[in-house]
file entry_16.tsv (TSV, C-alpha atoms)
chain	number	residue	atom	x	y	z
A	27	MET	CA	42.15	-122.42	-62.76
A	28	LYS	CA	40.23	-119.26	-62.25
A	29	ALA	CA	42.27	-116.18	-61.75
A	30	GLY	CA	41.21	-112.87	-60.37
A	31	LEU	CA	39.00	-111.81	-57.54
A	32	LYS	CA	35.41	-112.74	-57.05
A	33	ARG	CA	33.19	-109.74	-57.50
A	34	SER	CA	31.58	-108.63	-54.25
A	35	ASN	CA	27.81	-108.27	-54.09
A	36	ALA	CA	28.13	-105.72	-51.27
A	37	PRO	CA	27.66	-102.62	-53.49
A	38	ILE	CA	24.20	-103.84	-54.54
A	39	PHE	CA	22.95	-104.27	-50.99
A	40	TRP	CA	24.67	-101.11	-49.86
A	41	SER	CA	23.05	-99.11	-52.67
A	42	LEU	CA	19.62	-100.44	-51.75
A	43	PHE	CA	20.36	-99.58	-48.12
A	44	GLY	CA	21.48	-96.08	-49.03
A	45	ALA	CA	18.54	-95.44	-51.32
A	46	GLY	CA	16.04	-96.80	-48.78
A	47	GLY	CA	17.64	-94.91	-45.92
A	48	MET	CA	17.52	-91.65	-47.84
A	49	PHE	CA	13.98	-92.24	-49.12
A	50	SER	CA	12.66	-93.14	-45.65
A	51	ALA	CA	14.51	-90.17	-44.10
A	52	LEU	CA	12.89	-87.78	-46.57
A	53	PHE	CA	9.37	-89.22	-46.84
A	54	GLY	CA	8.99	-91.73	-43.98
A	55	PRO	CA	7.62	-89.37	-41.32
A	56	VAL	CA	5.13	-87.60	-43.60
A	57	LEU	CA	3.87	-90.91	-45.02
A	58	VAL	CA	3.33	-92.36	-41.54
A	59	PHE	CA	1.47	-89.18	-40.62
A	60	ILE	CA	-0.75	-89.28	-43.73
A	61	THR	CA	-1.62	-93.00	-43.84
A	62	GLY	CA	-1.52	-93.84	-40.14
A	63	ILE	CA	-2.72	-90.70	-38.35
A	64	ALA	CA	-4.20	-87.94	-40.54
A	65	VAL	CA	-6.49	-90.05	-42.75
A	66	PRO	CA	-7.73	-92.49	-40.02
A	67	LEU	CA	-8.57	-89.53	-37.74
A	68	SER	CA	-9.70	-87.19	-40.59
A	69	LEU	CA	-7.12	-84.77	-39.26
A	70	MET	CA	-6.16	-82.13	-41.88
A	71	LEU	CA	-7.08	-84.60	-44.60
A	72	PRO	CA	-10.60	-85.95	-45.32
A	73	SER	CA	-11.07	-89.67	-44.69
A	74	GLU	CA	-11.99	-90.16	-48.39
A	75	THR	CA	-8.38	-89.27	-49.25
A	76	MET	CA	-7.63	-92.98	-49.28
A	77	SER	CA	-11.00	-94.26	-50.48
A	78	TYR	CA	-11.03	-97.37	-52.68
A	79	PRO	CA	-11.58	-95.55	-56.02
A	80	LYS	CA	-8.83	-93.04	-55.23
A	81	MET	CA	-6.28	-95.60	-54.11
A	82	LEU	CA	-7.12	-97.91	-57.00
A	83	ALA	CA	-6.59	-95.04	-59.44
A	84	PHE	CA	-3.30	-94.20	-57.72
A	85	ALA	CA	-2.11	-97.82	-57.87
A	86	GLN	CA	-3.12	-98.06	-61.55
A	87	ASN	CA	-1.20	-94.93	-62.45
A	88	PHE	CA	2.34	-95.49	-63.67
A	89	ILE	CA	3.87	-92.98	-61.26
A	90	GLY	CA	1.70	-94.25	-58.41
A	91	LYS	CA	2.83	-97.82	-59.02
A	92	GLY	CA	6.47	-96.77	-58.99
A	93	PHE	CA	6.01	-94.77	-55.81
A	94	ILE	CA	4.24	-97.58	-53.94
A	95	LEU	CA	6.87	-100.12	-55.03
A	96	ALA	CA	9.70	-97.77	-54.09
A	97	VAL	CA	8.27	-97.09	-50.63
A	98	ILE	CA	7.60	-100.71	-49.68
A	99	SER	CA	10.67	-102.31	-51.23
A	100	LEU	CA	13.31	-99.66	-50.50
A	101	PHE	CA	12.13	-99.21	-46.89
A	102	LEU	CA	12.48	-102.98	-46.42
A	103	TRP	CA	15.86	-103.31	-48.18
A	104	PHE	CA	17.14	-100.52	-45.96
A	105	ALA	CA	15.76	-102.11	-42.79
A	106	ALA	CA	16.95	-105.61	-43.76
A	107	HIS	CA	20.51	-104.41	-44.27
A	108	ARG	CA	20.61	-102.40	-41.06
A	109	ILE	CA	19.03	-105.15	-38.94
A	110	PHE	CA	21.33	-107.79	-40.47
A	111	HIS	CA	24.43	-105.77	-39.64
A	112	SER	CA	23.19	-105.02	-36.11
A	113	LEU	CA	22.76	-108.69	-35.19
A	114	HIS	CA	26.44	-108.91	-34.33
A	115	GLU	CA	25.98	-106.06	-31.84
A	116	ILE	CA	23.45	-108.03	-29.83
A	117	GLY	CA	25.60	-111.17	-29.85
A	118	ILE	CA	23.92	-113.09	-32.65
A	119	HIS	CA	26.25	-114.63	-35.16
A	120	ALA	CA	24.94	-113.35	-38.47
A	121	GLY	CA	25.18	-116.41	-40.70
A	122	LEU	CA	23.43	-117.56	-43.82
A	123	GLY	CA	20.13	-118.11	-41.99
A	124	ALA	CA	20.02	-114.52	-40.72
A	125	LYS	CA	20.96	-113.28	-44.17
A	126	LEU	CA	18.14	-115.26	-45.76
A	127	ILE	CA	15.59	-114.01	-43.23
A	128	CYS	CA	16.62	-110.33	-43.50
A	129	TYR	CA	17.23	-109.95	-47.24
A	130	GLY	CA	14.80	-112.75	-48.10
A	131	SER	CA	11.86	-110.94	-46.50
A	132	ALA	CA	12.75	-107.74	-48.37
A	133	PHE	CA	12.99	-109.73	-51.59
A	134	VAL	CA	9.66	-111.52	-51.05
A	135	ALA	CA	7.95	-108.23	-50.16
A	136	THR	CA	9.33	-106.64	-53.34
A	137	VAL	CA	8.06	-109.51	-55.48
A	138	VAL	CA	4.62	-109.55	-53.78
A	139	SER	CA	4.28	-105.76	-54.24
A	140	ALA	CA	5.27	-105.98	-57.89
A	141	VAL	CA	2.84	-108.85	-58.55
A	142	VAL	CA	-0.08	-107.04	-56.84
A	143	LEU	CA	0.71	-103.77	-58.64
A	144	LEU	CA	0.87	-105.52	-62.02
A	145	GLY	CA	-2.34	-107.40	-61.21
A	146	LEU	CA	-4.17	-104.13	-60.59
A	147	GLY	CA	-3.64	-103.20	-64.24
A	148	PHE	CA	-2.86	-99.88	-65.85
B	19	MET	CA	39.31	-134.58	-25.10
B	20	SER	CA	40.26	-131.07	-24.28
B	21	LYS	CA	39.25	-129.78	-20.86
B	22	ARG	CA	39.91	-126.21	-21.88
B	23	ARG	CA	37.10	-123.82	-21.18
B	24	PRO	CA	38.33	-120.60	-22.69
B	25	TYR	CA	36.87	-117.44	-21.23
B	26	VAL	CA	34.46	-115.77	-23.60
B	27	ARG	CA	33.49	-112.30	-22.54
B	28	SER	CA	29.74	-111.86	-22.36
B	29	MET	CA	28.19	-109.36	-24.79
B	30	ASP	CA	25.22	-108.66	-22.55
B	31	GLY	CA	24.45	-104.99	-22.37
B	32	TRP	CA	27.88	-103.80	-23.58
B	33	TRP	CA	26.26	-100.84	-25.25
B	34	LYS	CA	24.62	-99.64	-22.03
B	35	LYS	CA	27.99	-98.62	-20.63
B	36	ASN	CA	28.58	-95.68	-22.91
B	37	PRO	CA	26.04	-93.01	-23.97
B	38	PHE	CA	27.53	-93.00	-27.48
B	39	TYR	CA	26.72	-96.69	-27.89
B	40	VAL	CA	23.26	-96.24	-26.37
B	41	GLU	CA	22.49	-93.64	-29.02
B	42	TYR	CA	23.96	-95.93	-31.69
B	43	MET	CA	21.72	-98.82	-30.66
B	44	ILE	CA	18.66	-96.56	-30.59
B	45	HIS	CA	19.29	-95.16	-34.05
B	46	GLU	CA	20.06	-98.59	-35.48
B	47	SER	CA	16.84	-99.98	-33.98
B	48	THR	CA	14.74	-97.37	-35.82
B	49	ALA	CA	15.09	-99.77	-38.79
B	50	LEU	CA	12.67	-102.11	-36.99
B	51	PHE	CA	9.99	-99.41	-37.11
B	52	VAL	CA	10.70	-98.60	-40.75
B	53	ALA	CA	10.24	-102.32	-41.49
B	54	ALA	CA	7.04	-102.53	-39.43
B	55	TYR	CA	5.57	-99.56	-41.30
B	56	ALA	CA	6.57	-101.00	-44.69
B	57	PHE	CA	4.89	-104.32	-43.79
B	58	THR	CA	1.74	-102.40	-42.75
B	59	LEU	CA	1.70	-100.79	-46.20
B	60	LEU	CA	2.40	-104.13	-47.87
B	61	VAL	CA	-0.66	-105.62	-46.16
B	62	GLY	CA	-2.64	-102.59	-47.37
B	63	LEU	CA	-1.45	-103.10	-50.94
B	64	VAL	CA	-2.38	-106.80	-50.85
B	65	ARG	CA	-5.83	-105.87	-49.47
B	66	LEU	CA	-6.22	-103.27	-52.23
B	67	GLY	CA	-5.52	-106.00	-54.75
B	68	GLN	CA	-8.26	-108.15	-53.18
B	69	GLY	CA	-10.97	-105.56	-53.83
B	70	GLU	CA	-13.07	-102.87	-52.19
B	71	VAL	CA	-14.32	-104.86	-49.18
B	72	ALA	CA	-10.81	-106.00	-48.25
B	73	TRP	CA	-9.43	-102.47	-48.70
B	74	ASN	CA	-12.16	-100.94	-46.51
B	75	GLY	CA	-11.36	-103.54	-43.86
B	76	TRP	CA	-7.73	-102.39	-43.88
B	77	LEU	CA	-8.79	-98.72	-43.67
B	78	GLU	CA	-11.00	-99.61	-40.71
B	79	ALA	CA	-8.12	-101.46	-39.02
B	80	MET	CA	-5.97	-98.34	-39.46
B	81	LYS	CA	-8.53	-96.48	-37.30
B	82	SER	CA	-8.17	-98.84	-34.34
B	83	PRO	CA	-6.54	-97.39	-31.20
B	84	LEU	CA	-3.76	-99.99	-31.41
B	85	SER	CA	-2.94	-98.96	-34.96
B	86	LEU	CA	-3.01	-95.26	-34.05
B	87	ILE	CA	-0.67	-95.82	-31.11
B	88	CYS	CA	1.66	-97.88	-33.32
B	89	HIS	CA	1.72	-95.14	-35.94
B	90	VAL	CA	2.55	-92.46	-33.36
B	91	VAL	CA	5.49	-94.68	-32.30
B	92	PHE	CA	6.47	-95.24	-35.97
B	93	LEU	CA	6.31	-91.48	-36.53
B	94	LEU	CA	8.61	-90.71	-33.59
B	95	ALA	CA	11.04	-93.50	-34.48
B	96	ILE	CA	11.22	-92.62	-38.16
B	97	MET	CA	11.61	-88.90	-37.38
B	98	TYR	CA	14.57	-89.93	-35.24
B	99	HIS	CA	15.85	-91.98	-38.16
B	100	THR	CA	15.61	-88.86	-40.36
B	101	TYR	CA	17.55	-86.83	-37.80
B	102	THR	CA	20.32	-89.39	-37.34
B	103	TRP	CA	20.50	-90.23	-41.07
B	104	PHE	CA	21.45	-86.65	-41.88
B	105	LYS	CA	23.53	-86.25	-38.72
B	106	ILE	CA	25.75	-89.17	-39.82
B	107	MET	CA	25.77	-88.15	-43.48
B	108	PRO	CA	28.93	-85.97	-43.24
B	109	ILE	CA	30.81	-89.16	-42.27
B	110	THR	CA	29.19	-91.48	-44.80
B	111	LEU	CA	29.53	-89.14	-47.78
B	112	PRO	CA	32.82	-88.68	-49.63
B	113	PRO	CA	34.22	-85.18	-49.02
B	114	ILE	CA	32.41	-82.56	-51.07
B	115	ILE	CA	34.61	-79.74	-52.32
B	116	VAL	CA	32.95	-76.46	-53.28
B	117	GLY	CA	35.15	-73.61	-54.44
B	118	GLY	CA	38.27	-75.38	-53.19
B	119	LYS	CA	36.86	-75.79	-49.69
B	120	LYS	CA	35.45	-78.86	-48.01
B	121	VAL	CA	31.75	-78.47	-47.18
B	122	GLY	CA	31.35	-78.50	-43.40
B	123	PRO	CA	29.43	-81.24	-41.57
B	124	GLU	CA	26.82	-78.79	-40.24
B	125	VAL	CA	26.05	-77.64	-43.81
B	126	ILE	CA	25.49	-81.24	-44.97
B	127	THR	CA	23.31	-82.12	-41.97
B	128	GLY	CA	21.41	-78.84	-42.23
B	129	SER	CA	20.70	-79.24	-45.96
B	130	GLY	CA	19.56	-82.81	-45.42
B	131	LEU	CA	17.14	-81.85	-42.66
B	132	LEU	CA	15.90	-78.92	-44.72
B	133	ALA	CA	15.33	-81.28	-47.67
B	134	ALA	CA	13.31	-83.57	-45.39
B	135	VAL	CA	11.13	-80.66	-44.22
B	136	VAL	CA	10.59	-79.48	-47.81
B	137	ALA	CA	9.78	-83.05	-48.95
B	138	SER	CA	7.27	-83.47	-46.10
B	139	VAL	CA	5.50	-80.16	-46.74
B	140	PHE	CA	5.46	-80.86	-50.48
B	141	MET	CA	4.01	-84.36	-49.97
B	142	LEU	CA	1.38	-83.21	-47.50
B	143	GLY	CA	0.42	-80.29	-49.77
B	144	LEU	CA	0.18	-82.56	-52.81
B	145	VAL	CA	-2.05	-85.08	-51.04
B	146	TRP	CA	-4.15	-82.24	-49.60
B	147	ARG	CA	-4.61	-80.76	-53.10
B	148	ILE	CA	-5.58	-84.13	-54.59
B	149	ALA	CA	-7.99	-84.82	-51.72
B	150	GLN	CA	-9.97	-81.60	-52.30

call {"tool": "encode", "arguments": {"input": "entry_16.tsv", "output": "structure tokens"}}
result
Amino acid sequence: MKAGLKRSNAPIFWSLFGAGGMFSALFGPVLVFITGIAVPLSLMLPSETMSYPKMLAFAQNFIGKGFILAVISLFLWFAAHRIFHSLHEIGIHAGLGAKLICYGSAFVATVVSAVVLLGLGF
Amino acid sequence: MSKRRPYVRSMDGWWKKNPFYVEYMIHESTALFVAAYAFTLLVGLVRLGQGEVAWNGWLEAMKSPLSLICHVVFLLAIMYHTYTWFKIMPITLPPIIVGGKKVGPEVITGSGLLAAVVASVFMLGLVWRIAQ
């Protein structure tokens, strides 16, 4: 017989939520502005800011890799957790399927990002 | 078997009845825009991994009117996320005691928003410097 309580996995998901929420609160708006508005319109920043050689160099740099992975994965872990916990509010019973879709997509995105970043070399 | 049909109260639009809940639903839904933006970047990263032609295609797609409109919406939604994230922080953080006194909610929210402004200016300045 197994005694004792089963360890909860909630702190892991909550930490990822907290980190992603904080990271997106601090850098989300400025990143959207840079990648989605300023560079495409050459507003404040030249359009070569995100040229292939520059972005490749950024993604091959150790810090750049970490930053890209942190942005994509933490933003998605944050969103997955918040969306999963809001399902109840709109009358959807949040079962295993919903859990797999929410956290699963964040997990897959993290793995895909890591694989691409490793594939780009150092 | 049982003919019972227990009454189950409908959940339709419950949150529309109280402004507090309306705000709650709006700030919770900002997560959808954070996710949409992260997926946009993920596609970009995958295209970067596929080479120069693929990357330039993604850059070109980012210039389309649809993409620009989406990013303006993302910007507004994520700015609202920033605002509410720090507005709620006094409740989500454990009490912070400085000099025997509990730090007030307005100080926590204010420092958070200030940190976001500093982070944004720093990031924009850094990218601007690198781009020169």

call {"tool": "closest_atom_pairs", "arguments": {"input": "entry_16.tsv", "of": "chain B", "to": "chain A", "cutoff": "8 Å", "atoms": "only C-alpha atoms", "output": "JSON lines"}}
result
{"residue": "B:Met29", "atom": "CA", "partner": "A:Gly117", "partner_atom": "CA", "distance": 6.0}
{"residue": "B:Asp30", "atom": "CA", "partner": "A:Ile116", "partner_atom": "CA", "distance": 7.5}
{"residue": "B:Glu46", "atom": "CA", "partner": "A:Arg108", "partner_atom": "CA", "distance": 6.8}
{"residue": "B:Ser47", "atom": "CA", "partner": "A:Ile109", "partner_atom": "CA", "distance": 7.5}
{"residue": "B:Ala49", "atom": "CA", "partner": "A:Ala105", "partner_atom": "CA", "distance": 4.7}
{"residue": "B:Leu50", "atom": "CA", "partner": "A:Ala105", "partner_atom": "CA", "distance": 6.6}
{"residue": "B:Val52", "atom": "CA", "partner": "A:Phe101", "partner_atom": "CA", "distance": 6.3}
{"residue": "B:Ala53", "atom": "CA", "partner": "A:Leu102", "partner_atom": "CA", "distance": 5.5}
{"residue": "B:Tyr55", "atom": "CA", "partner": "A:Val58", "partner_atom": "CA", "distance": 7.5}
{"residue": "B:Ala56", "atom": "CA", "partner": "A:Ile98", "partner_atom": "CA", "distance": 5.1}
{"residue": "B:Phe57", "atom": "CA", "partner": "A:Ile98", "partner_atom": "CA", "distance": 7.4}
{"residue": "B:Leu59", "atom": "CA", "partner": "A:Ile98", "partner_atom": "CA", "distance": 6.9}
{"residue": "B:Leu60", "atom": "CA", "partner": "A:Ile98", "partner_atom": "CA", "distance": 6.5}
{"residue": "B:Leu63", "atom": "CA", "partner": "A:Ser139", "partner_atom": "CA", "distance": 7.1}
{"residue": "B:Val64", "atom": "CA", "partner": "A:Val142", "partner_atom": "CA", "distance": 6.4}
{"residue": "B:Leu66", "atom": "CA", "partner": "A:Leu82", "partner_atom": "CA", "distance": 7.2}
{"residue": "B:Gly67", "atom": "CA", "partner": "A:Val142", "partner_atom": "CA", "distance": 5.9}
{"residue": "B:Glu70", "atom": "CA", "partner": "A:Tyr78", "partner_atom": "CA", "distance": 5.9}
{"residue": "B:Trp73", "atom": "CA", "partner": "A:Tyr78", "partner_atom": "CA", "distance": 6.7}
{"residue": "B:Asn74", "atom": "CA", "partner": "A:Tyr78", "partner_atom": "CA", "distance": 7.2}
{"residue": "B:Leu77", "atom": "CA", "partner": "A:Pro66", "partner_atom": "CA", "distance": 7.3}
{"residue": "B:Glu78", "atom": "CA", "partner": "A:Pro66", "partner_atom": "CA", "distance": 7.9}
{"residue": "B:Met80", "atom": "CA", "partner": "A:Pro66", "partner_atom": "CA", "distance": 6.1}
{"residue": "B:Lys81", "atom": "CA", "partner": "A:Pro66", "partner_atom": "CA", "distance": 4.9}
{"residue": "B:Ser85", "atom": "CA", "partner": "A:Gly62", "partner_atom": "CA", "distance": 7.4}
{"residue": "B:Leu86", "atom": "CA", "partner": "A:Ile63", "partner_atom": "CA", "distance": 6.3}
{"residue": "B:His89", "atom": "CA", "partner": "A:Gly62", "partner_atom": "CA", "distance": 5.5}
{"residue": "B:Val90", "atom": "CA", "partner": "A:Ile63", "partner_atom": "CA", "distance": 7.5}
{"residue": "B:Phe92", "atom": "CA", "partner": "A:Val58", "partner_atom": "CA", "distance": 7.0}
{"residue": "B:Leu93", "atom": "CA", "partner": "A:Pro55", "partner_atom": "CA", "distance": 5.4}
{"residue": "B:Leu94", "atom": "CA", "partner": "A:Pro55", "partner_atom": "CA", "distance": 7.9}
{"residue": "B:Ile96", "atom": "CA", "partner": "A:Pro55", "partner_atom": "CA", "distance": 5.8}
{"residue": "B:Met97", "atom": "CA", "partner": "A:Pro55", "partner_atom": "CA", "distance": 5.6}
{"residue": "B:His99", "atom": "CA", "partner": "A:Ala51", "partner_atom": "CA", "distance": 6.4}
{"residue": "B:Thr100", "atom": "CA", "partner": "A:Ala51", "partner_atom": "CA", "distance": 4.1}
{"residue": "B:Tyr101", "atom": "CA", "partner": "A:Ala51", "partner_atom": "CA", "distance": 7.8}
{"residue": "B:Trp103", "atom": "CA", "partner": "A:Ala51", "partner_atom": "CA", "distance": 6.7}
{"residue": "B:Ala133", "atom": "CA", "partner": "A:Leu52", "partner_atom": "CA", "distance": 7.0}
{"residue": "B:Ala134", "atom": "CA", "partner": "A:Leu52", "partner_atom": "CA", "distance": 4.4}
{"residue": "B:Val135", "atom": "CA", "partner": "A:Leu52", "partner_atom": "CA", "distance": 7.7}
{"residue": "B:Ala137", "atom": "CA", "partner": "A:Leu52", "partner_atom": "CA", "distance": 6.1}
{"residue": "B:Ser138", "atom": "CA", "partner": "A:Val56", "partner_atom": "CA", "distance": 5.3}
{"residue": "B:Met141", "atom": "CA", "partner": "A:Val56", "partner_atom": "CA", "distance": 7.2}
{"residue": "B:Leu142", "atom": "CA", "partner": "A:Val56", "partner_atom": "CA", "distance": 7.0}
{"residue": "B:Val145", "atom": "CA", "partner": "A:Thr75", "partner_atom": "CA", "distance": 7.8}
{"residue": "B:Trp146", "atom": "CA", "partner": "A:Leu71", "partner_atom": "CA", "distance": 6.3}
{"residue": "B:Ile148", "atom": "CA", "partner": "A:Thr75", "partner_atom": "CA", "distance": 7.9}
{"residue": "B:Ala149", "atom": "CA", "partner": "A:Thr75", "partner_atom": "CA", "distance": 5.1}

call {"tool": "residues_around", "arguments": {"input": "entry_16.tsv", "residues": "range 120-129 of chain B", "least_positions_apart": "6", "cutoff": "10 Å", "atoms": "all atoms listed in the file", "output": "number ranges by chain"}}
result
B: 101-109, 111, 113-114, 135

call {"tool": "atom_distance", "arguments": {"input": "entry_16.tsv", "atom1": "CA of Ile127 in chain A", "atom2": "CA of Gly62 in chain B"}}
result
21.9 Å

call {"tool": "atom_distance", "arguments": {"input": "entry_16.tsv", "atom1": "CA of Phe38 in chain B", "atom2": "CA of Ala95 in chain B"}}
result
17.9 Å

call {"tool": "atom_distance", "arguments": {"input": "entry_16.tsv", "atom1": "CA of Val91 in chain B", "atom2": "CA of Val40 in chain B"}}
result
18.8 Å

call {"tool": "build_atoms", "arguments": {"input": "entry_16.tsv", "residues": "range 92-101 of chain B", "atoms": "all heavy atoms", "output": "short mmCIF file (atom, residue, chain, number, x, y, z; two decimals), in the frame of the given file"}}
result
data_model
loop_
_atom_site.label_atom_id
_atom_site.label_comp_id
_atom_site.auth_asym_id
_atom_site.auth_seq_id
_atom_site.Cartn_x
_atom_site.Cartn_y
_atom_site.Cartn_z
N PHE B 92 5.73 -95.21 -34.68
CA PHE B 92 6.47 -95.24 -35.97
C PHE B 92 6.93 -93.83 -36.33
O PHE B 92 8.05 -93.62 -36.77
CB PHE B 92 5.58 -95.74 -37.12
CG PHE B 92 5.16 -97.18 -37.03
CD1 PHE B 92 4.21 -97.69 -37.90
CD2 PHE B 92 5.71 -98.04 -36.09
CE1 PHE B 92 3.81 -99.01 -37.84
CE2 PHE B 92 5.32 -99.37 -36.02
CZ PHE B 92 4.36 -99.85 -36.89
N LEU B 93 6.00 -92.87 -36.15
CA LEU B 93 6.31 -91.48 -36.53
C LEU B 93 7.52 -90.97 -35.75
O LEU B 93 8.46 -90.43 -36.33
CB LEU B 93 5.09 -90.58 -36.29
CG LEU B 93 5.27 -89.12 -36.65
CD1 LEU B 93 5.50 -88.93 -38.14
CD2 LEU B 93 4.06 -88.29 -36.22
N LEU B 94 7.50 -91.17 -34.43
CA LEU B 94 8.61 -90.71 -33.59
C LEU B 94 9.91 -91.41 -33.98
O LEU B 94 10.96 -90.77 -34.14
CB LEU B 94 8.30 -90.93 -32.11
CG LEU B 94 7.14 -90.10 -31.56
CD1 LEU B 94 6.82 -90.52 -30.13
CD2 LEU B 94 7.45 -88.61 -31.61
N ALA B 95 9.83 -92.74 -34.15
CA ALA B 95 11.04 -93.50 -34.48
C ALA B 95 11.60 -93.10 -35.84
O ALA B 95 12.82 -92.94 -36.00
CB ALA B 95 10.73 -95.00 -34.45
N ILE B 96 10.73 -92.92 -36.82
CA ILE B 96 11.22 -92.62 -38.16
C ILE B 96 11.69 -91.16 -38.24
O ILE B 96 12.65 -90.86 -38.97
CB ILE B 96 10.16 -92.99 -39.23
CG1 ILE B 96 9.85 -94.49 -39.14
CG2 ILE B 96 10.67 -92.66 -40.64
CD1 ILE B 96 8.76 -94.99 -40.05
N MET B 97 11.08 -90.27 -37.45
CA MET B 97 11.61 -88.90 -37.38
C MET B 97 13.02 -88.93 -36.80
O MET B 97 13.90 -88.19 -37.25
CB MET B 97 10.71 -88.02 -36.52
CG MET B 97 9.51 -87.47 -37.27
SD MET B 97 8.34 -86.65 -36.18
CE MET B 97 9.17 -85.12 -35.90
N TYR B 98 13.23 -89.80 -35.82
CA TYR B 98 14.57 -89.93 -35.24
C TYR B 98 15.54 -90.51 -36.27
O TYR B 98 16.70 -90.10 -36.34
CB TYR B 98 14.54 -90.78 -33.96
CG TYR B 98 15.84 -90.69 -33.20
CD1 TYR B 98 16.23 -89.49 -32.62
CD2 TYR B 98 16.70 -91.78 -33.09
CE1 TYR B 98 17.43 -89.37 -31.95
CE2 TYR B 98 17.90 -91.67 -32.41
CZ TYR B 98 18.27 -90.48 -31.85
OH TYR B 98 19.47 -90.36 -31.20
N HIS B 99 15.03 -91.45 -37.07
CA HIS B 99 15.85 -91.98 -38.16
C HIS B 99 16.27 -90.85 -39.11
O HIS B 99 17.44 -90.76 -39.51
CB HIS B 99 15.09 -93.07 -38.92
CG HIS B 99 15.61 -93.32 -40.30
ND1 HIS B 99 16.88 -93.79 -40.54
CD2 HIS B 99 15.05 -93.11 -41.54
CE1 HIS B 99 17.07 -93.87 -41.85
NE2 HIS B 99 15.99 -93.45 -42.47
N THR B 100 15.30 -89.99 -39.47
CA THR B 100 15.61 -88.86 -40.36
C THR B 100 16.72 -88.01 -39.76
O THR B 100 17.71 -87.68 -40.44
CB THR B 100 14.35 -87.99 -40.56
OG1 THR B 100 13.32 -88.80 -41.11
CG2 THR B 100 14.62 -86.82 -41.48
N TYR B 101 16.56 -87.67 -38.48
CA TYR B 101 17.55 -86.83 -37.80
C TYR B 101 18.94 -87.47 -37.80
O TYR B 101 19.92 -86.85 -38.21
CB TYR B 101 17.06 -86.54 -36.38
CG TYR B 101 18.11 -85.88 -35.52
CD1 TYR B 101 18.50 -84.56 -35.77
CD2 TYR B 101 18.72 -86.56 -34.47
CE1 TYR B 101 19.48 -83.95 -34.99
CE2 TYR B 101 19.69 -85.95 -33.69
CZ TYR B 101 20.07 -84.65 -33.96
OH TYR B 101 21.04 -84.07 -33.21
#
